[in-house]
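**Q** Here you go, upload14.txt (compact mmCIF, C-alpha atoms):
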# COMPACT_ATOMS: atom_id res chain seq x y z
CA MET J 1 -63.29 -15.85 -56.79
CA THR J 2 -62.87 -16.68 -60.45
CA ASP J 3 -59.55 -17.64 -61.98
CA GLU J 4 -59.78 -14.45 -64.02
CA VAL J 5 -59.25 -12.28 -60.97
CA LYS J 6 -57.33 -14.63 -58.69
CA SER J 7 -55.18 -12.96 -56.05
CA GLN J 8 -51.42 -12.64 -56.32
CA ARG J 9 -49.50 -13.18 -53.10
CA PRO J 10 -45.78 -13.70 -52.46
CA GLU J 11 -44.86 -17.23 -53.45
CA GLY J 12 -41.88 -19.36 -54.37
CA GLU J 13 -39.02 -20.58 -52.24
CA ALA J 14 -36.96 -17.40 -52.61
CA ALA J 15 -39.84 -15.15 -51.54
CA GLU J 16 -40.69 -17.36 -48.58
CA ALA J 17 -37.13 -17.72 -47.32
CA ALA J 18 -36.06 -14.09 -47.73
CA GLU J 19 -36.42 -11.49 -44.99
CA GLY J 20 -34.15 -8.66 -46.08
CA PHE J 21 -35.67 -5.88 -48.16
CA ALA J 22 -33.12 -5.94 -50.98
CA THR J 23 -33.30 -9.72 -51.24
CA LEU J 24 -37.09 -9.64 -51.46
CA ALA J 25 -36.95 -6.83 -54.01
CA ILE J 26 -34.71 -8.92 -56.27
CA HIS J 27 -36.34 -12.33 -55.82
CA ALA J 28 -40.04 -12.02 -54.86
CA GLY J 29 -42.13 -13.00 -57.88
CA GLN J 30 -38.99 -13.33 -60.00
CA GLU J 31 -38.51 -17.09 -60.34
CA PHE J 32 -36.35 -17.97 -63.34
CA GLU J 33 -38.08 -19.01 -66.57
CA PRO J 34 -38.36 -22.84 -66.41
CA VAL J 35 -37.88 -23.72 -70.10
CA THR J 36 -34.61 -21.90 -70.81
CA GLY J 37 -33.52 -20.98 -67.28
CA ALA J 38 -33.56 -17.26 -68.10
CA VAL J 39 -32.78 -15.44 -64.86
CA VAL J 40 -35.00 -12.47 -65.82
CA PRO J 41 -38.61 -13.58 -66.40
CA PRO J 42 -39.85 -12.75 -69.91
CA VAL J 43 -42.31 -9.95 -70.61
CA HIS J 44 -45.68 -11.46 -71.55
CA PHE J 45 -47.42 -9.25 -74.11
CA SER J 46 -50.23 -11.63 -75.04
CA SER J 47 -53.73 -10.21 -74.58
CA THR J 48 -55.39 -13.64 -74.44
CA TYR J 49 -54.54 -17.23 -73.54
CA ALA J 50 -55.33 -20.61 -75.12
CA GLN J 51 -57.71 -22.82 -73.16
CA ASP J 52 -57.59 -26.59 -72.80
CA GLY J 53 -61.26 -26.97 -73.60
CA ILE J 54 -63.97 -24.52 -72.54
CA GLY J 55 -63.01 -23.09 -69.16
CA GLY J 56 -59.77 -25.08 -69.07
CA LEU J 57 -57.45 -22.26 -68.07
CA ARG J 58 -53.71 -22.74 -67.84
CA SER J 59 -52.55 -21.48 -64.44
CA GLY J 60 -55.65 -19.29 -64.27
CA TYR J 61 -54.80 -17.12 -67.29
CA GLU J 62 -57.68 -16.14 -69.56
CA TYR J 63 -57.56 -12.50 -70.66
CA GLY J 64 -54.96 -9.75 -70.20
CA ARG J 65 -57.19 -7.30 -68.39
CA GLY J 66 -57.80 -9.85 -65.65
CA THR J 67 -54.37 -11.46 -65.31
CA ASN J 68 -50.97 -11.17 -66.92
CA PRO J 69 -47.81 -13.01 -65.78
CA THR J 70 -45.63 -9.90 -65.89
CA ARG J 71 -48.11 -7.81 -63.94
CA ASN J 72 -48.64 -10.64 -61.48
CA SER J 73 -44.89 -10.79 -60.85
CA LEU J 74 -44.85 -7.08 -60.04
CA GLN J 75 -47.85 -7.47 -57.73
CA THR J 76 -46.14 -10.31 -55.88
CA GLN J 77 -43.03 -8.16 -55.52
CA LEU J 78 -44.99 -5.16 -54.19
CA ALA J 79 -46.96 -7.24 -51.70
CA ALA J 80 -43.75 -8.75 -50.35
CA LEU J 81 -42.02 -5.39 -49.95
CA GLU J 82 -44.95 -3.68 -48.20
CA GLY J 83 -45.85 -6.76 -46.13
CA GLY J 84 -49.38 -6.95 -47.52
CA ALA J 85 -51.74 -9.80 -48.35
CA MET J 86 -52.33 -8.49 -51.86
CA ALA J 87 -50.95 -5.84 -54.21
CA LEU J 88 -52.55 -4.49 -57.37
CA SER J 89 -50.81 -2.62 -60.16
CA PHE J 90 -52.50 0.14 -62.17
CA GLY J 91 -51.78 2.36 -65.15
CA SER J 92 -51.23 5.41 -62.90
CA GLY J 93 -51.30 6.43 -59.27
CA LEU J 94 -54.64 8.16 -59.73
CA ALA J 95 -56.10 5.07 -61.41
CA ALA J 96 -55.07 3.12 -58.32
CA GLU J 97 -56.67 5.68 -56.01
CA ASP J 98 -59.83 5.79 -58.12
CA ALA J 99 -60.28 2.02 -57.94
CA LEU J 100 -59.65 2.05 -54.19
CA LEU J 101 -62.19 4.82 -53.54
CA ARG J 102 -64.92 3.36 -55.74
CA ALA J 103 -64.40 -0.13 -54.35
CA LEU J 104 -64.67 0.89 -50.70
CA MET J 105 -67.01 3.91 -50.74
CA ARG J 106 -70.61 4.61 -51.71
CA PRO J 107 -72.57 7.83 -52.44
CA GLY J 108 -73.32 9.69 -49.22
CA GLN J 109 -70.11 8.64 -47.51
CA LYS J 110 -67.15 10.85 -46.66
CA VAL J 111 -63.38 10.48 -46.85
CA VAL J 112 -61.32 12.39 -44.29
CA LEU J 113 -58.21 13.63 -46.10
CA GLY J 114 -55.07 15.38 -44.89
CA ASN J 115 -55.21 19.11 -45.59
CA ASP J 116 -51.75 18.88 -47.17
CA ALA J 117 -52.45 16.00 -49.57
CA TYR J 118 -51.39 15.77 -53.20
CA GLY J 119 -53.47 18.08 -55.38
CA GLY J 120 -54.37 15.29 -57.78
CA THR J 121 -55.88 13.21 -54.97
CA TYR J 122 -57.98 16.15 -53.83
CA ARG J 123 -59.08 16.85 -57.41
CA LEU J 124 -60.07 13.21 -57.94
CA ILE J 125 -62.22 13.17 -54.81
CA SER J 126 -63.75 16.62 -55.13
CA LYS J 127 -64.16 16.99 -58.90
CA ILE J 128 -64.68 13.42 -60.10
CA LEU J 129 -66.19 11.54 -57.17
CA GLY J 130 -67.85 14.58 -55.57
CA PRO J 131 -70.65 14.76 -58.16
CA TRP J 132 -71.13 11.01 -57.61
CA GLY J 133 -71.96 11.76 -53.97
CA ILE J 134 -68.64 11.29 -52.15
CA GLU J 135 -67.87 13.99 -49.61
CA ASN J 136 -64.37 15.13 -48.69
CA GLN J 137 -63.26 16.73 -45.43
CA PRO J 138 -59.67 18.03 -45.24
CA VAL J 139 -58.16 18.08 -41.76
CA ASP J 140 -54.78 18.76 -40.16
CA MET J 141 -53.40 15.28 -39.48
CA ALA J 142 -51.18 16.62 -36.70
CA ASP J 143 -54.29 17.60 -34.71
CA LEU J 144 -55.42 14.17 -33.54
CA ASP J 145 -58.49 15.55 -31.77
CA ALA J 146 -59.61 17.23 -34.99
CA VAL J 147 -58.99 14.01 -36.89
CA ARG J 148 -61.00 12.02 -34.38
CA ALA J 149 -63.89 14.48 -34.61
CA ALA J 150 -63.84 14.40 -38.40
CA VAL J 151 -63.77 10.60 -38.60
CA ASN J 152 -66.76 10.45 -36.24
CA SER J 153 -68.70 13.23 -37.98
CA GLY J 154 -70.60 11.00 -40.41
CA ASP J 155 -70.34 7.86 -42.50
CA VAL J 156 -66.55 7.77 -42.93
CA PRO J 157 -65.13 4.49 -44.23
CA LEU J 158 -61.67 5.91 -45.06
CA LEU J 159 -59.12 8.08 -43.30
CA TRP J 160 -56.49 9.12 -45.87
CA VAL J 161 -53.03 10.43 -44.97
CA GLU J 162 -49.89 11.21 -46.94
CA THR J 163 -46.66 11.14 -44.97
CA PRO J 164 -44.29 12.81 -45.59
CA SER J 165 -46.72 15.10 -47.39
CA ASN J 166 -46.38 16.70 -50.79
CA PRO J 167 -44.91 19.35 -50.83
CA LEU J 168 -45.04 20.63 -47.24
CA MET J 169 -43.14 17.61 -45.90
CA LYS J 170 -45.40 17.20 -42.87
CA VAL J 171 -44.99 13.93 -40.96
CA SER J 172 -48.08 12.19 -39.56
CA ASP J 173 -48.27 9.57 -36.82
CA ILE J 174 -49.41 6.46 -38.67
CA ALA J 175 -49.94 4.33 -35.56
CA ALA J 176 -52.04 7.00 -33.83
CA LEU J 177 -54.13 7.63 -36.94
CA ALA J 178 -54.70 3.89 -37.37
CA GLU J 179 -56.02 3.69 -33.82
CA ILE J 180 -58.40 6.60 -34.44
CA ALA J 181 -59.64 5.08 -37.69
CA HIS J 182 -60.18 1.64 -36.24
CA GLU J 183 -62.04 2.97 -33.19
CA ALA J 184 -64.51 4.56 -35.60
CA GLY J 185 -64.75 1.48 -37.84
CA ALA J 186 -62.80 3.12 -40.66
CA LEU J 187 -59.75 1.99 -42.62
CA LEU J 188 -56.50 3.96 -42.70
CA VAL J 189 -55.05 4.60 -46.16
CA VAL J 190 -51.45 5.82 -46.34
CA ASP J 191 -49.94 7.36 -49.45
CA ASN J 192 -46.38 6.06 -49.13
CA THR J 193 -45.07 7.56 -52.38
CA PHE J 194 -42.52 9.97 -50.87
CA ALA J 195 -41.03 7.40 -48.49
CA SER J 196 -41.28 4.24 -50.61
CA PRO J 197 -41.53 0.82 -48.94
CA TYR J 198 -37.78 0.90 -48.32
CA LEU J 199 -37.99 3.84 -45.91
CA GLN J 200 -41.42 3.26 -44.38
CA LYS J 201 -43.79 0.32 -43.81
CA PRO J 202 -47.26 1.74 -43.02
CA LEU J 203 -48.94 -1.67 -42.78
CA SER J 204 -46.60 -2.69 -39.96
CA LEU J 205 -47.57 0.52 -38.13
CA GLY J 206 -51.31 -0.24 -38.25
CA ALA J 207 -52.41 1.07 -41.64
CA ASP J 208 -54.85 -1.02 -43.67
CA ILE J 209 -54.00 0.09 -47.22
CA VAL J 210 -50.97 1.64 -48.88
CA VAL J 211 -51.11 3.55 -52.16
CA HIS J 212 -48.24 4.51 -54.42
CA SER J 213 -47.59 6.48 -57.51
CA THR J 214 -45.08 3.91 -58.76
CA THR J 215 -44.07 6.54 -61.31
CA LYS J 216 -41.98 8.08 -58.56
CA TYR J 217 -39.36 6.29 -56.41
CA ILE J 218 -40.51 2.76 -57.20
CA GLY J 219 -40.17 3.36 -60.95
CA GLY J 220 -37.27 5.65 -60.21
CA HIS J 221 -36.07 6.42 -63.74
CA SER J 222 -38.72 8.83 -65.08
CA ASP J 223 -39.60 6.41 -67.86
CA VAL J 224 -42.80 4.70 -66.70
CA VAL J 225 -46.16 5.85 -65.30
CA GLY J 226 -47.95 3.59 -62.83
CA GLY J 227 -49.71 3.17 -59.51
CA ALA J 228 -50.29 0.51 -56.89
CA VAL J 229 -52.54 -0.42 -54.00
CA VAL J 230 -51.35 -2.82 -51.29
CA ALA J 231 -53.89 -4.20 -48.81
CA LYS J 232 -53.13 -5.76 -45.45
CA ASP J 233 -56.32 -7.84 -45.60
CA ALA J 234 -57.07 -10.08 -48.58
CA GLU J 235 -60.82 -9.45 -48.39
CA VAL J 236 -60.28 -5.70 -48.75
CA GLY J 237 -57.80 -6.32 -51.54
CA GLU J 238 -60.26 -8.48 -53.43
CA LYS J 239 -62.83 -5.67 -53.48
CA ILE J 240 -60.28 -3.37 -55.07
CA GLN J 241 -59.11 -6.15 -57.37
CA PHE J 242 -62.62 -6.48 -58.78
CA LEU J 243 -62.50 -2.80 -59.81
CA GLN J 244 -59.05 -3.33 -61.31
CA PHE J 245 -60.51 -6.11 -63.47
CA ALA J 246 -63.97 -4.70 -64.15
CA ALA J 247 -62.96 -1.09 -64.86
CA GLY J 248 -59.67 -2.09 -66.50
CA GLY J 249 -57.19 0.48 -65.21
CA VAL J 250 -54.35 -2.06 -65.26
CA SER J 251 -50.69 -1.48 -65.97
CA SER J 252 -49.42 -2.73 -69.31
CA PRO J 253 -46.94 -5.63 -69.47
CA MET J 254 -44.07 -3.34 -70.48
CA ASP J 255 -44.87 -0.82 -67.76
CA ALA J 256 -45.05 -3.65 -65.22
CA PHE J 257 -41.68 -4.97 -66.39
CA LEU J 258 -40.01 -1.55 -66.16
CA THR J 259 -41.42 -1.08 -62.67
CA THR J 260 -40.35 -4.50 -61.43
CA ARG J 261 -36.87 -3.96 -62.89
CA SER J 262 -36.60 -0.67 -61.03
CA LEU J 263 -37.83 -2.09 -57.72
CA LYS J 264 -34.81 -4.36 -57.65
CA THR J 265 -32.52 -1.35 -57.09
CA LEU J 266 -34.84 0.65 -54.82
CA ALA J 267 -32.76 0.03 -51.68
CA VAL J 268 -29.50 1.34 -53.10
CA ARG J 269 -31.20 4.27 -54.83
CA MET J 270 -33.04 5.40 -51.70
CA GLU J 271 -29.81 5.37 -49.72
CA ARG J 272 -28.16 7.68 -52.26
CA HIS J 273 -31.25 9.91 -52.53
CA SER J 274 -31.25 10.25 -48.74
CA ASP J 275 -27.51 10.94 -48.58
CA ASN J 276 -27.78 13.73 -51.13
CA ALA J 277 -30.97 15.24 -49.72
CA GLU J 278 -29.45 15.48 -46.25
CA ARG J 279 -26.53 17.46 -47.69
CA VAL J 280 -28.91 19.69 -49.65
CA ALA J 281 -31.10 20.39 -46.61
CA GLU J 282 -28.09 21.26 -44.46
CA TYR J 283 -26.66 23.52 -47.16
CA LEU J 284 -29.91 25.41 -47.73
CA SER J 285 -30.51 25.83 -44.00
CA GLY J 286 -27.51 28.13 -43.77
CA ARG J 287 -28.49 30.45 -46.61
CA ASP J 288 -29.72 34.03 -46.11
CA GLU J 289 -32.02 33.78 -49.15
CA VAL J 290 -34.02 31.00 -47.52
CA SER J 291 -36.76 31.48 -44.91
CA ALA J 292 -37.41 27.79 -44.23
CA VAL J 293 -36.16 24.37 -45.27
CA LEU J 294 -38.79 21.64 -45.00
CA TYR J 295 -37.02 18.30 -44.52
CA PRO J 296 -37.79 15.74 -41.78
CA GLY J 297 -34.11 14.95 -41.39
CA LEU J 298 -33.37 18.37 -39.91
CA PRO J 299 -33.46 18.35 -36.08
CA ASP J 300 -35.64 21.48 -36.01
CA HIS J 301 -38.33 19.97 -38.26
CA PRO J 302 -41.56 19.58 -36.21
CA GLY J 303 -41.87 15.96 -37.32
CA HIS J 304 -38.21 14.99 -36.95
CA ASP J 305 -38.56 12.71 -33.93
CA LEU J 306 -41.66 11.02 -35.32
CA ALA J 307 -40.02 10.50 -38.71
CA ALA J 308 -36.97 9.02 -37.00
CA ARG J 309 -39.24 6.46 -35.32
CA GLN J 310 -41.35 5.40 -38.28
CA MET J 311 -38.92 5.85 -41.18
CA LYS J 312 -35.62 4.11 -41.96
CA ARG J 313 -34.16 7.37 -43.29
CA PHE J 314 -35.61 10.73 -44.29
CA GLY J 315 -35.79 10.41 -48.07
CA GLY J 316 -34.90 12.50 -51.09
CA MET J 317 -37.53 15.27 -51.07
CA VAL J 318 -36.71 18.78 -49.83
CA SER J 319 -38.96 21.83 -49.97
CA VAL J 320 -37.63 25.36 -49.51
CA ARG J 321 -39.30 28.72 -48.92
CA PHE J 322 -37.71 32.03 -49.93
CA LYS J 323 -37.46 35.30 -48.04
CA GLY J 324 -37.93 37.10 -51.36
CA GLY J 325 -41.36 35.53 -51.78
CA GLU J 326 -42.88 34.34 -55.02
CA ALA J 327 -40.53 36.32 -57.26
CA ALA J 328 -37.40 34.82 -55.68
CA ALA J 329 -38.89 31.33 -55.78
CA ARG J 330 -39.63 31.69 -59.48
CA ARG J 331 -36.16 33.05 -60.26
CA PHE J 332 -34.52 30.18 -58.40
CA THR J 333 -36.69 27.56 -60.11
CA GLU J 334 -35.92 28.85 -63.58
CA ALA J 335 -32.16 29.21 -62.94
CA THR J 336 -31.20 25.63 -62.09
CA ARG J 337 -29.06 23.56 -64.46
CA VAL J 338 -28.48 20.16 -62.83
CA PHE J 339 -32.02 20.29 -61.46
CA THR J 340 -34.44 20.01 -64.37
CA LEU J 341 -37.64 22.08 -64.18
CA ALA J 342 -40.33 19.42 -64.58
CA GLU J 343 -43.34 17.73 -63.06
CA SER J 344 -42.98 14.53 -61.04
CA LEU J 345 -40.29 13.36 -58.62
CA GLY J 346 -38.34 10.34 -57.43
CA GLY J 347 -36.21 9.77 -60.52
CA ILE J 348 -32.47 9.32 -60.52
CA GLU J 349 -32.10 12.83 -61.94
CA SER J 350 -32.70 15.91 -59.79
CA LEU J 351 -35.93 17.79 -60.54
CA VAL J 352 -37.18 21.20 -59.40
CA ASN J 353 -40.87 22.04 -59.22
CA TYR J 354 -42.91 25.16 -58.47
CA PRO J 355 -45.99 23.53 -56.90
CA SER J 356 -48.24 26.59 -56.81
CA GLU J 357 -48.40 26.68 -60.62
CA MET J 358 -47.51 23.07 -61.42
CA THR J 359 -48.41 19.99 -59.35
CA HIS J 360 -50.80 21.78 -56.97
CA ALA J 361 -52.45 24.35 -59.22
CA SER J 362 -55.74 22.46 -58.87
CA VAL J 363 -56.00 23.27 -55.13
CA LYS J 364 -55.61 27.04 -55.40
CA GLY J 365 -58.24 28.74 -53.30
CA THR J 366 -58.75 25.71 -51.06
CA GLU J 367 -57.39 24.72 -47.67
CA LEU J 368 -54.71 22.72 -49.52
CA GLU J 369 -53.27 25.73 -51.37
CA VAL J 370 -49.46 25.73 -51.47
CA PRO J 371 -47.51 28.90 -50.54
CA ALA J 372 -46.28 30.85 -53.56
CA ASP J 373 -42.79 31.21 -52.05
CA LEU J 374 -42.23 27.43 -51.94
CA VAL J 375 -40.08 25.33 -54.28
CA ARG J 376 -39.96 21.52 -54.19
CA LEU J 377 -36.71 19.69 -54.88
CA SER J 378 -36.51 16.03 -55.83
CA VAL J 379 -32.85 15.39 -55.08
CA GLY J 380 -31.37 12.86 -57.48
CA ILE J 381 -28.38 10.57 -57.26
CA GLU J 382 -25.87 12.73 -59.13
CA ASP J 383 -22.57 13.71 -57.50
CA VAL J 384 -23.59 15.83 -54.54
CA GLU J 385 -20.94 18.48 -55.18
CA ASP J 386 -22.47 19.15 -58.60
CA ILE J 387 -25.91 19.38 -56.99
CA LEU J 388 -24.68 21.89 -54.40
CA ALA J 389 -22.90 23.97 -57.03
CA ASP J 390 -26.12 24.19 -59.01
CA LEU J 391 -28.02 25.32 -55.93
CA GLU J 392 -25.37 27.98 -55.29
CA GLN J 393 -25.74 29.59 -58.70
CA ALA J 394 -29.53 29.34 -58.57
CA LEU J 395 -29.61 31.04 -55.17
CA GLN J 396 -27.52 33.86 -56.59
CA ALA J 397 -30.09 34.26 -59.35
CA ALA J 398 -32.91 34.24 -56.79
CA ALA J 399 -31.25 37.07 -54.88
CA GLN J 400 -31.09 39.33 -57.92
CA GLY J 401 -34.44 41.04 -57.55
Now, as a test, write the supplied structure out as structure tokens.
**A**
Amino acid sequence: MTDEVKSQRPEGEAAEAAEGFATLAIHAGQEFEPVTGAVVPPVHFSSTYAQDGIGGLRSGYEYGRGTNPTRNSLQTQLAALEGGAMALSFGSGLAAEDALLRALMRPGQKVVLGNDAYGGTYRLISKILGPWGIENQPVDMADLDAVRAAVNSGDVPLLWVETPSNPLMKVSDIAALAEIAHEAGALLVVDNTFASPYLQKPLSLGADIVVHSTTKYIGGHSDVVGGAVVAKDAEVGEKIQFLQFAAGGVSSPMDAFLTTRSLKTLAVRMERHSDNAERVAEYLSGRDEVSAVLYPGLPDHPGHDLAARQMKRFGGMVSVRFKGGEAAARRFTEATRVFTLAESLGGIESLVNYPSEMTHASVKGTELEVPADLVRLSVGIEDVEDILADLEQALQAAAQG
């Protein structure tokens, strides 16, 4: 491997000695700046680096697309938190997924994808990579026999699952899916965006690759777009790393800095998100206007026991379906005040989304289509009483048909 695309793994005394999540989040890849002793490493904006003679690279740095100290720090941090051999940071979650798919798949092969996956992932595979010759087979990840049949139905190098899923909040058995994938010679990819590495560690459960939209909980402040891939095996990571370098979908230094800053508070934020979401789910479960509350933390959720085993807590995402159908869902969505009507999720502020016309419009008419009576809530870290009061007035608006 050339210096230009050298791997970034957890290093430094603090990273090696630490075991706790919050300690790793604060210290992995964050050694103080040696000249001044600055506790926060500087942001390196330089696009190129001086050489000590032709090919004489200083610490392996040559050109910003290949390596950047700020991005490398973030990659070290991500690898440490997910327990991977290598992490790679990209300009968006879809850029990360695109590099992963093109690095590990070839025309004529097929990816088996959960039938409740993010609409953007489905669109990338079907609309962008489909014409290139990549097939896509959606399957219910709860039906392990169907998954096994799909993975063995052709040349399938990747089994791709999102758990909890967006926005149906389905929970999939990572360990069981990893076993199925490995028996067939495939790799298991887990989209860990909803849970974050604080709540769930897919690699420790048998997964081979983790993907994130770091825009969401990892970024956590709705001010930076990014994505990441974390590989358990360095050889797999290096294949994806070559695409990161050669195709150039890297995160910028400032975006990497904002993401690494946010990661340092992920543990405390996810605790508050989970606290508030549990209250929201319980509150909505008792309302006449609501036909179903989709939240793994509720005892009657089909995936509750599984989520309790493979997650630290149940997270900040709650989906709700309305007895009044699409009209009630729309009225509720447009009536909130603390919850802002917007795309995305995982920020400190509460957001409300109508997936059928917003995040999942691209999968209308497919097996992944989202019910029109469903609203997705990204529960923020505001005072929970203010959140519940907002839901109360929005439910009243939803009931006024």
**Q** Could you tell me which of J:Ile54, J:Ala181, J:Ala246, J:Val161 comes closest to Thr193 of chain J if we count all atoms listed in the file?
**A**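 Of the candidates, the smallest distance to Thr193 of chain J is held by J:Val161.
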**Q** What lies within 12 Å of segment 20-35 of chain J using all atoms listed in the file, ignoring chain neighbours under 2 positions off, as a compact mmCIF listing (two decimals) with C-alpha atoms, keeping the file's coordinate frame?
**A**
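Here's the written file result.txt:
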# COMPACT_ATOMS: atom_id res chain seq x y z
CA GLN J 8 -51.42 -12.64 -56.32
CA ARG J 9 -49.50 -13.18 -53.10
CA PRO J 10 -45.78 -13.70 -52.46
CA GLU J 11 -44.86 -17.23 -53.45
CA GLY J 12 -41.88 -19.36 -54.37
CA GLU J 13 -39.02 -20.58 -52.24
CA ALA J 14 -36.96 -17.40 -52.61
CA ALA J 15 -39.84 -15.15 -51.54
CA GLU J 16 -40.69 -17.36 -48.58
CA ALA J 17 -37.13 -17.72 -47.32
CA ALA J 18 -36.06 -14.09 -47.73
CA GLY J 37 -33.52 -20.98 -67.28
CA ALA J 38 -33.56 -17.26 -68.10
CA VAL J 39 -32.78 -15.44 -64.86
CA VAL J 40 -35.00 -12.47 -65.82
CA PRO J 41 -38.61 -13.58 -66.40
CA PRO J 42 -39.85 -12.75 -69.91
CA VAL J 43 -42.31 -9.95 -70.61
CA HIS J 44 -45.68 -11.46 -71.55
CA PRO J 69 -47.81 -13.01 -65.78
CA THR J 70 -45.63 -9.90 -65.89
CA ARG J 71 -48.11 -7.81 -63.94
CA ASN J 72 -48.64 -10.64 -61.48
CA SER J 73 -44.89 -10.79 -60.85
CA LEU J 74 -44.85 -7.08 -60.04
CA GLN J 75 -47.85 -7.47 -57.73
CA THR J 76 -46.14 -10.31 -55.88
CA GLN J 77 -43.03 -8.16 -55.52
CA LEU J 78 -44.99 -5.16 -54.19
CA ALA J 79 -46.96 -7.24 -51.70
CA ALA J 80 -43.75 -8.75 -50.35
CA LEU J 81 -42.02 -5.39 -49.95
CA GLU J 82 -44.95 -3.68 -48.20
CA GLY J 83 -45.85 -6.76 -46.13
CA ALA J 87 -50.95 -5.84 -54.21
CA SER J 196 -41.28 4.24 -50.61
CA PRO J 197 -41.53 0.82 -48.94
CA TYR J 198 -37.78 0.90 -48.32
CA LEU J 199 -37.99 3.84 -45.91
CA GLN J 200 -41.42 3.26 -44.38
CA LYS J 201 -43.79 0.32 -43.81
CA ILE J 218 -40.51 2.76 -57.20
CA PHE J 257 -41.68 -4.97 -66.39
CA THR J 259 -41.42 -1.08 -62.67
CA THR J 260 -40.35 -4.50 -61.43
CA ARG J 261 -36.87 -3.96 -62.89
CA SER J 262 -36.60 -0.67 -61.03
CA LEU J 263 -37.83 -2.09 -57.72
CA LYS J 264 -34.81 -4.36 -57.65
CA THR J 265 -32.52 -1.35 -57.09
CA LEU J 266 -34.84 0.65 -54.82
CA ALA J 267 -32.76 0.03 -51.68
CA VAL J 268 -29.50 1.34 -53.10
CA ARG J 269 -31.20 4.27 -54.83
CA MET J 270 -33.04 5.40 -51.70
CA GLU J 271 -29.81 5.37 -49.72
CA LYS J 312 -35.62 4.11 -41.96
**Q** Tell me which residues come within 10 Å of (-39.9, 31.6, -57.8), as a VMD selection string, counting only C-alpha atoms in the file's coordinates.
**A** chain J and resid 321 to 322 324 to 335 353 to 354 356 372 to 375 398
**Q** Can I get the selected residues back with C-alpha atoms, as an mmCIF file, in the coordinates of the input?
**A**
data_model
loop_
_atom_site.group_PDB
_atom_site.id
_atom_site.type_symbol
_atom_site.label_atom_id
_atom_site.label_comp_id
_atom_site.auth_asym_id
_atom_site.auth_seq_id
_atom_site.Cartn_x
_atom_site.Cartn_y
_atom_site.Cartn_z
ATOM 1 C CA ARG J 321 -39.300 28.720 -48.920
ATOM 2 C CA PHE J 322 -37.710 32.030 -49.930
ATOM 3 C CA GLY J 324 -37.930 37.100 -51.360
ATOM 4 C CA GLY J 325 -41.360 35.530 -51.780
ATOM 5 C CA GLU J 326 -42.880 34.340 -55.020
ATOM 6 C CA ALA J 327 -40.530 36.320 -57.260
ATOM 7 C CA ALA J 328 -37.400 34.820 -55.680
ATOM 8 C CA ALA J 329 -38.890 31.330 -55.780
ATOM 9 C CA ARG J 330 -39.630 31.690 -59.480
ATOM 10 C CA ARG J 331 -36.160 33.050 -60.260
ATOM 11 C CA PHE J 332 -34.520 30.180 -58.400
ATOM 12 C CA THR J 333 -36.690 27.560 -60.110
ATOM 13 C CA GLU J 334 -35.920 28.850 -63.580
ATOM 14 C CA ALA J 335 -32.160 29.210 -62.940
ATOM 15 C CA ASN J 353 -40.870 22.040 -59.220
ATOM 16 C CA TYR J 354 -42.910 25.160 -58.470
ATOM 17 C CA SER J 356 -48.240 26.590 -56.810
ATOM 18 C CA ALA J 372 -46.280 30.850 -53.560
ATOM 19 C CA ASP J 373 -42.790 31.210 -52.050
ATOM 20 C CA LEU J 374 -42.230 27.430 -51.940
ATOM 21 C CA VAL J 375 -40.080 25.330 -54.280
ATOM 22 C CA ALA J 398 -32.910 34.240 -56.790
#
**Q** Give me the residues within 7 Å of Ala178 of chain J as a list in words, counting only C-alpha atoms and dropping any in the same chain fewer than 2 places off.
**A**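 Residues near the query, excluding close chain neighbours: Ile174, Ala175, Ala176, Ile180, Ala181, His182, Leu188, Gly206 and Ala207 of chain J.
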**Q** With only C-alpha atoms as the atoms that count, which of J:Glu343, J:Leu88, J:Thr121, J:Gly114 lies nearest to Gln137 of chain J?
**A** J:Gly114
**Q** What is the distance between atom CA of Pro355 of chain J and atom CA of Gly120 of chain J, in Å to one decimal?
**A** 11.8 Å
**Q** Any idea what the distance is between atom CA of Trp160 of chain J and atom CA of Asp191 of chain J?
**A**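 Straight-line distance from atom CA of Trp160 of chain J to atom CA of Asp191 of chain J works out to 7.7 Å.
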